[in-house]
>>> print(open('target_15.txt').read())   # compact mmCIF, C-alpha atoms
# COMPACT_ATOMS: atom_id res chain seq x y z
CA MET U 22 89.16 106.39 46.77
CA ALA U 23 88.36 103.37 44.64
CA GLY U 24 87.60 103.77 40.96
CA VAL U 25 83.95 103.78 39.98
CA GLU U 26 84.12 100.27 38.50
CA GLU U 27 85.65 98.91 41.72
CA THR U 28 82.91 100.62 43.70
CA LEU U 29 80.21 99.17 41.47
CA ALA U 30 81.73 95.70 41.71
CA ARG U 31 81.37 95.82 45.52
CA VAL U 32 77.64 96.62 45.28
CA PRO U 33 75.60 93.40 45.65
CA LEU U 34 73.12 94.80 43.14
CA PHE U 35 75.77 94.53 40.42
CA SER U 36 77.48 91.32 41.56
CA GLY U 37 76.57 89.42 38.38
CA VAL U 38 77.49 92.19 35.98
CA LYS U 39 80.47 91.67 33.69
CA ASP U 40 83.41 94.07 33.91
CA LYS U 41 82.70 95.61 30.49
CA ASP U 42 79.11 96.34 31.56
CA LEU U 43 80.28 97.81 34.87
CA LYS U 44 82.48 100.14 32.85
CA ARG U 45 79.48 101.19 30.73
CA LEU U 46 77.37 101.73 33.82
CA GLY U 47 80.15 103.71 35.47
CA LYS U 48 80.15 106.14 32.57
CA ARG U 49 76.47 106.88 33.23
CA LEU U 50 76.99 107.72 36.90
CA THR U 51 77.61 111.26 38.02
CA GLU U 52 79.46 112.37 41.14
CA ARG U 53 77.52 113.92 44.01
CA SER U 54 78.75 115.19 47.36
CA PHE U 55 76.67 115.92 50.44
CA ASN U 56 77.67 117.66 53.66
CA GLU U 57 77.31 116.06 57.09
CA GLY U 58 73.72 116.52 58.27
CA GLU U 59 72.36 117.10 54.77
CA VAL U 60 69.08 115.37 53.93
CA ILE U 61 69.55 113.46 50.67
CA THR U 62 66.11 111.90 50.33
CA THR U 63 62.91 112.51 52.27
CA GLN U 64 60.35 109.82 52.99
CA GLY U 65 57.16 110.44 51.04
CA GLU U 66 58.70 112.79 48.47
CA SER U 67 59.33 111.85 44.86
CA GLY U 68 62.61 110.22 44.03
CA LEU U 69 64.58 110.41 40.84
CA GLY U 70 68.02 109.31 41.92
CA PHE U 71 69.82 106.10 42.77
CA PHE U 72 73.04 106.54 44.74
CA ILE U 73 76.07 104.40 45.54
CA ILE U 74 78.18 105.56 48.48
CA GLU U 75 81.88 105.80 47.68
CA ASP U 76 83.04 107.53 50.84
CA GLY U 77 81.31 108.52 54.07
CA ASN U 78 78.24 107.38 55.97
CA ALA U 79 74.51 107.98 56.03
CA SER U 80 71.52 106.93 58.11
CA VAL U 81 68.23 105.59 56.80
CA SER U 82 65.06 106.32 58.75
CA ARG U 83 61.38 105.55 58.38
CA ASN U 84 58.83 107.50 60.35
CA ASP U 85 61.67 109.31 62.18
CA GLU U 86 63.24 106.04 63.42
CA ILE U 87 66.70 105.01 62.18
CA VAL U 88 66.43 101.57 60.57
CA ARG U 89 69.96 101.15 59.20
CA ASN U 90 73.27 102.85 58.60
CA LEU U 91 75.02 102.97 55.25
CA GLY U 92 78.69 103.20 54.30
CA PRO U 93 80.99 102.76 51.32
CA GLY U 94 79.59 100.28 48.81
CA ASP U 95 76.02 100.62 50.08
CA PHE U 96 73.33 102.07 47.88
CA PHE U 97 69.90 103.63 48.16
CA GLY U 98 67.13 104.97 45.95
CA GLU U 99 66.51 101.84 43.88
CA VAL U 100 62.89 101.41 45.05
CA ALA U 101 61.82 104.85 43.86
CA LEU U 102 63.64 104.27 40.57
CA ILE U 103 61.64 101.13 39.91
CA ASP U 104 58.12 102.13 40.91
CA GLU U 105 58.48 105.88 40.33
CA GLY U 106 56.70 106.35 43.63
CA PRO U 107 57.61 108.37 46.67
CA ARG U 108 60.72 107.67 48.73
CA SER U 109 60.20 104.88 51.26
CA ALA U 110 62.76 106.34 53.67
CA THR U 111 64.72 109.44 54.58
CA VAL U 112 68.48 109.31 54.06
CA VAL U 113 70.74 111.78 55.89
CA ALA U 114 74.51 112.15 55.56
CA THR U 115 76.05 111.39 58.97
CA THR U 116 79.50 112.41 57.69
CA ASP U 117 80.57 114.26 54.58
CA LEU U 118 79.44 111.92 51.83
CA HIS U 119 80.67 111.25 48.31
CA CYS U 120 78.37 109.27 46.00
CA ARG U 121 77.87 108.28 42.41
CA GLY U 122 74.33 108.57 41.13
CA MET U 123 72.02 107.84 38.26
CA THR U 124 68.54 109.04 37.34
CA ALA U 125 65.53 106.83 36.56
CA TRP U 126 65.63 107.69 32.86
CA GLU U 127 69.25 106.46 32.72
CA PHE U 128 68.79 103.46 35.01
CA LYS U 129 65.76 101.81 33.38
CA PRO U 130 67.30 101.32 29.91
CA PHE U 131 70.49 99.96 31.46
CA VAL U 132 68.57 97.39 33.53
CA GLU U 133 66.45 96.41 30.50
CA GLN U 134 69.64 95.80 28.51
CA HIS U 135 71.27 93.80 31.34
CA PRO U 136 68.97 91.09 32.73
CA ASP U 137 71.65 90.04 35.24
CA VAL U 138 71.25 93.45 36.87
CA ALA U 139 67.47 93.00 36.95
CA TRP U 140 67.86 89.63 38.69
CA ALA U 141 70.33 91.00 41.25
CA LEU U 142 67.98 93.90 41.90
CA LEU U 143 65.09 91.51 42.54
CA ARG U 144 67.20 89.50 45.00
CA THR U 145 68.22 92.66 46.84
CA LEU U 146 64.67 93.95 47.06
CA VAL U 147 63.37 90.60 48.31
CA GLY U 148 66.12 90.58 50.93
CA ARG U 149 65.12 94.03 52.10
CA LEU U 150 61.46 92.98 52.20
CA ARG U 151 62.31 89.96 54.32
CA GLU U 152 64.43 92.14 56.60
CA SER U 153 61.58 94.62 57.06
CA GLU U 154 59.13 91.84 57.87
CA SER U 155 61.39 90.12 60.40
CA PRO U 156 60.62 90.68 64.07
CA ALA U 157 63.09 92.97 65.80
CA ALA U 158 65.93 91.11 67.48
>>> encode(input="target_15.txt", output="structure tokens")
Amino acid sequence: MAGVEETLARVPLFSGVKDKDLKRLGKRLTERSFNEGEVITTQGESGLGFFIIEDGNASVSRNDEIVRNLGPGDFFGEVALIDEGPRSATVVATTDLHCRGMTAWEFKPFVEQHPDVAWALLRTLVGRLRESESPAA
């Protein structure tokens, strides 16, 4: 399994972050494991955590329809961290899953201190918005 800094470096959200800042961020992340079939987040419920997948796979669904699959290097939970609103999707582990996570009260100060992370986050969110508005292929 890759080190936490290597995992963070593969996440598009942190692509502009310097190595020393990735190391600082990595120290704030905690390890979480989920069993196959376990519901990690539920659409409509409150969300406090942001997760980066290190190993395993998960599915993302909205209104009981799978909209994407996630694997190592993918992340979820950033929307609820930003707006402190309910989860926009349900995420279920489709295999045993190992993640690193961070809470909103840890994430916000880090983003405020690192504008490059804020910019990357905006680009990611806009990309997801565009993807959700695109007609199905």
>>> residues_around(input="target_15.txt", residues="U:Thr115", least_positions_apart="3", cutoff="10 Å", atoms="only C-alpha atoms", output="MDAnalysis selection string")
chainID U and resid 55:60 77:81 90:92 112 118
>>> closest_residue(input="target_15.txt", among="U:Leu146, U:Ala141, U:Leu29, U:Ala110", to="U:Glu66", atoms="all atoms listed in the file")
U:Ala110
>>> atom_distance(input="target_15.txt", atom1="atom CA of U:Trp126", atom2="atom CA of U:Arg89")
27.5 Å
>>> closest_residue(input="target_15.txt", among="U:Ile61, U:Ile87, U:Leu43, U:Ile103", to="U:His119", atoms="all atoms listed in the file")
U:Ile61
>>> closest_residue(input="target_15.txt", among="U:Val132, U:Leu143, U:Ile73, U:Val113", to="U:Ala30", atoms="only C-alpha atoms")
U:Ile73
>>> closest_residue(input="target_15.txt", among="U:Pro130, U:Gly68, U:Gly148, U:Gly47", to="U:Glu105", atoms="only C-alpha atoms")
U:Gly68
>>> closest_residue(input="target_15.txt", among="U:Glu99, U:Thr111, U:Asp42, U:Arg53", to="U:Gly65", atoms="only C-alpha atoms")
U:Thr111
>>> closest_residue(input="target_15.txt", among="U:Gly94, U:Gly122, U:Pro107, U:Gly70", to="U:Leu46", atoms="all atoms listed in the file")
U:Gly122
>>> atom_distance(input="target_15.txt", atom1="atom CA of U:Phe96", atom2="atom CA of U:Phe72")
5.5 Å
>>> atom_distance(input="target_15.txt", atom1="atom CA of U:Leu50", atom2="atom CA of U:Cys120")
9.3 Å
>>> residues_around(input="target_15.txt", residues="U:Ser109", least_positions_apart="6", cutoff="9 Å", atoms="all atoms listed in the file", output="list in words")
Thr63, Gln64, Gly65, Glu66, Arg83, Gly98, Val100 and Ala101 of chain U
